[in-house]
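Enquirer: First the structure, which I've put down as structure tokens, then a few questions once you've had a look.
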Amino acid sequence: IGRAIARHAAGQGPLPAPDQIDDRFWVYDLGENGDLSVDALASGGVRDLVGLFRGIPNAKASFATKFVNPDLLAYRPEGKTRIRFSLMPERIARVVDVRTSPMPERIAAIDAFVEAGYEVHVNFSPVILYEGWEEDWRALFRALEAGIGPAAKAQLKAEIIFLTHNAALHEVNLRWHPKAEALLWRPDIQETKRSEGGMENLRYRTGWKGRWLTRFKALLAEELPYCGVRYAF
């Protein structure tokens with residue numbers, strides 16, 4: 001896999017111009033259907049990948065995580081791996097984001113990962129709509145502001161990803177974690193949409209979602225004006 005990545009990056013040549021993904025490098029998203037911070041507990045493959053991108057001149061790695069694994073601090077990424085800590089309001093995370101690192105722990109880890117040579121971004125994900133969601137996110141933004149230092153703030157960017165759900169996952173969740181579905185399954189404000197992969201997903205209704213996203217971005221700009229939005233959906 002590493003050799004294939006290196007060959008592909010060599011074929012890409014330099015990034016022609018800065019884009020919304022990165023200013024200098026082609027970015028390879030790793031572990032899209034998993035969490036590499038957890039994988040690193042069981043395998044040296046994550047360390048190998050971080051080392052691989054350290055030596056590729058025109059590319060960097062990127063992965064999202066909900067788990068703080070201090071072992072990664074020794075991997076020497078040298079700015080060539082972006083780690084994206086997923087964040088959401090703590091009281092909602094206790095319901096829907098079980099078996100993951102608590103939000104205060106994720107926020108507290110950001111400075112250490114920046115110091116260790118990672119580019120550290122945040123994913124505000126999933127954004128779940130419910131009565132009082134804006135004040136909960138305001139509290140999270142303020143916790144982030146208070147919890148990170150100048151070096152982290154200077155390079156901080158975010159992805160904003162509103163909740164996507166589907167009927168099959170809803171049925172699974174009803175069997176093992178039904179309390180979460182009261183927040184996740186909201187047909188009254190959601191609609192079905194076919195994804196690029198051909199799946200029938202449930203997303204917040206077109207039109208309304210745009211208004212909610214605008215409100216979210218305005219709240220973010222008010223509380224964390226230095227945090228650029230790299231991607232919002």
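Chain identifiers are assigned as A, B, and so on, following the order in which chains appear in the structure tokens; residues are numbered from 1 within each chain, and ligands are numbered from 1 in order of appearance.
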Using only C-alpha atoms, which residues sit within 8 Å of Leu41 (chain A) once same-chain residues fewer than 3 positions away are excluded, as a PyMOL selection string?

Expert: chain A and resi 37-38+69

Enquirer: If we count only C-alpha atoms and set the cut-off at 8 Å, which residues sit around region 162-171 of chain A, ignoring sequence neighbours fewer than 6 positions away in its own chain? Please answer as a short mmCIF file (atom, residue, chain, number, x, y, z; two decimals) with C-alpha atoms, in the first residue's frame.

Expert:
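selection08.cif was written with the following content:
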```
data_model
loop_
_atom_site.label_atom_id
_atom_site.label_comp_id
_atom_site.auth_asym_id
_atom_site.auth_seq_id
_atom_site.Cartn_x
_atom_site.Cartn_y
_atom_site.Cartn_z
CA SER A 125 -19.01 16.52 13.21
CA PRO A 126 -21.66 15.42 13.18
CA VAL A 127 -23.68 18.58 13.63
CA ILE A 128 -27.00 17.32 15.03
CA GLU A 181 -31.94 7.50 17.67
CA LEU A 184 -30.35 11.00 14.97
CA TRP A 185 -33.60 9.84 13.36
CA GLU A 200 -30.08 6.06 0.23
CA ASN A 201 -29.15 8.43 3.05
CA LEU A 202 -31.21 10.68 5.26
CA ARG A 203 -30.01 14.28 5.46
CA TYR A 204 -31.43 17.52 6.75
CA PHE A 233 -21.52 20.27 4.16
#
```

Enquirer: Provide the CA of Arg99 (chain A) to CA of Asn33 (chain A) distance in Å, to one decimal place.

Expert: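 About the pair CA of Arg99 (chain A) and CA of Asn33 (chain A): they are 16.4 Å apart.
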
Enquirer: Give me the residues within 8 Å of region 226-229 of chain A as a PyMOL selection string, counting only C-alpha atoms and dropping any in the same chain fewer than 3 places off.

Expert: chain A and resi 153-154+156-160+220-221+232

Enquirer: Could you save those same residues with N, CA, C and O atoms as a short mmCIF file (atom, residue, chain, number, x, y, z; two decimals), in the first residue's frame?

Expert:
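Wrote result15.cif, looks like this:
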```
data_model
loop_
_atom_site.label_atom_id
_atom_site.label_comp_id
_atom_site.auth_asym_id
_atom_site.auth_seq_id
_atom_site.Cartn_x
_atom_site.Cartn_y
_atom_site.Cartn_z
N LYS A 153 -3.77 27.70 17.53
CA LYS A 153 -4.74 28.63 16.93
C LYS A 153 -4.25 29.15 15.59
O LYS A 153 -5.05 29.36 14.66
N ALA A 154 -2.94 29.36 15.46
CA ALA A 154 -2.40 29.94 14.23
C ALA A 154 -2.57 29.03 13.03
O ALA A 154 -2.59 29.51 11.88
N LEU A 156 -5.09 26.48 12.92
CA LEU A 156 -6.35 25.75 13.07
C LEU A 156 -7.30 26.02 11.91
O LEU A 156 -7.54 27.16 11.53
N LYS A 157 -7.84 24.94 11.36
CA LYS A 157 -8.93 25.02 10.40
C LYS A 157 -9.94 23.93 10.73
O LYS A 157 -9.64 23.01 11.49
N ALA A 158 -11.11 24.03 10.13
CA ALA A 158 -12.19 23.12 10.51
C ALA A 158 -12.93 22.59 9.30
O ALA A 158 -12.99 23.23 8.25
N GLU A 159 -13.50 21.41 9.49
CA GLU A 159 -14.54 20.89 8.62
C GLU A 159 -15.84 20.90 9.39
O GLU A 159 -15.86 20.61 10.59
N ILE A 160 -16.92 21.24 8.73
CA ILE A 160 -18.26 21.24 9.34
C ILE A 160 -19.09 20.23 8.58
O ILE A 160 -19.32 20.37 7.37
N LEU A 220 -19.53 30.22 14.65
CA LEU A 220 -18.11 29.89 14.68
C LEU A 220 -17.25 31.14 14.49
O LEU A 220 -16.26 31.35 15.21
N ALA A 221 -17.62 31.98 13.51
CA ALA A 221 -16.85 33.20 13.25
C ALA A 221 -16.89 34.15 14.44
O ALA A 221 -15.91 34.85 14.72
N ALA A 232 -17.45 22.56 4.38
CA ALA A 232 -18.71 22.60 5.12
C ALA A 232 -19.78 21.92 4.28
O ALA A 232 -19.94 22.21 3.09
#
```

Enquirer: Any chance you could tabulate, as a tab-separated table, the residues of region 103-173 of chain A at most 8 Å from region 80-98 of chain A with each one's nearest atom pair and distance in Å to one decimal, using only C-alpha atoms, in chain and rising number order?

Expert:
```
residue	atom	partner	partner_atom	distance
A:Met103	CA	A:Glu90	CA	6.0
A:Arg106	CA	A:Phe85	CA	6.7
A:Tyr118	CA	A:Thr81	CA	5.7
A:Glu119	CA	A:Arg82	CA	4.5
A:Val120	CA	A:Ile83	CA	5.1
A:His121	CA	A:Arg84	CA	4.6
A:Val122	CA	A:Phe85	CA	4.8
A:Asn123	CA	A:Ser86	CA	4.4
A:Phe124	CA	A:Leu87	CA	5.1
A:Ser125	CA	A:Ser86	CA	6.0
A:Pro126	CA	A:Met88	CA	7.0
A:Val127	CA	A:Met88	CA	7.2
A:Asp136	CA	A:Pro89	CA	5.7
A:Trp137	CA	A:Pro89	CA	5.9
A:Ala139	CA	A:Pro89	CA	7.6
A:Leu140	CA	A:Pro89	CA	5.7
```

Enquirer: Select from region 12-201 of chain A everything DSSP, run on the backbone, classes as alpha helix (DSSP H), then give the selection as a PyMOL selection string.

Expert: chain A and resi 12+36-39+45-54+90-96+103-115+133-147+150-155+167-176+178-184

Enquirer: Per DSSP on the backbone, what are the strand (DSSP E or B) residues of region 14-226 of chain A, as a ChimeraX atom specification?

Expert: /A:26-29,59-65,81-87,119-127,157-162,164-165,190-194,200-204

Enquirer: Could you state the separation of CA of Met199 (chain A) and CA of Ile5 (chain A) in Å, given to one decimal place?

Expert: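 Between these atoms lies a distance of 27.6 Å.
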
Enquirer: Using only C-alpha atoms for the distances, tell me which of A:Lys66, A:Arg3, A:Lys179, A:Arg76 is nearest to Gly34 (chain A).

Expert: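 That would be A:Lys66, the residue with the smallest distance to Gly34 (chain A).
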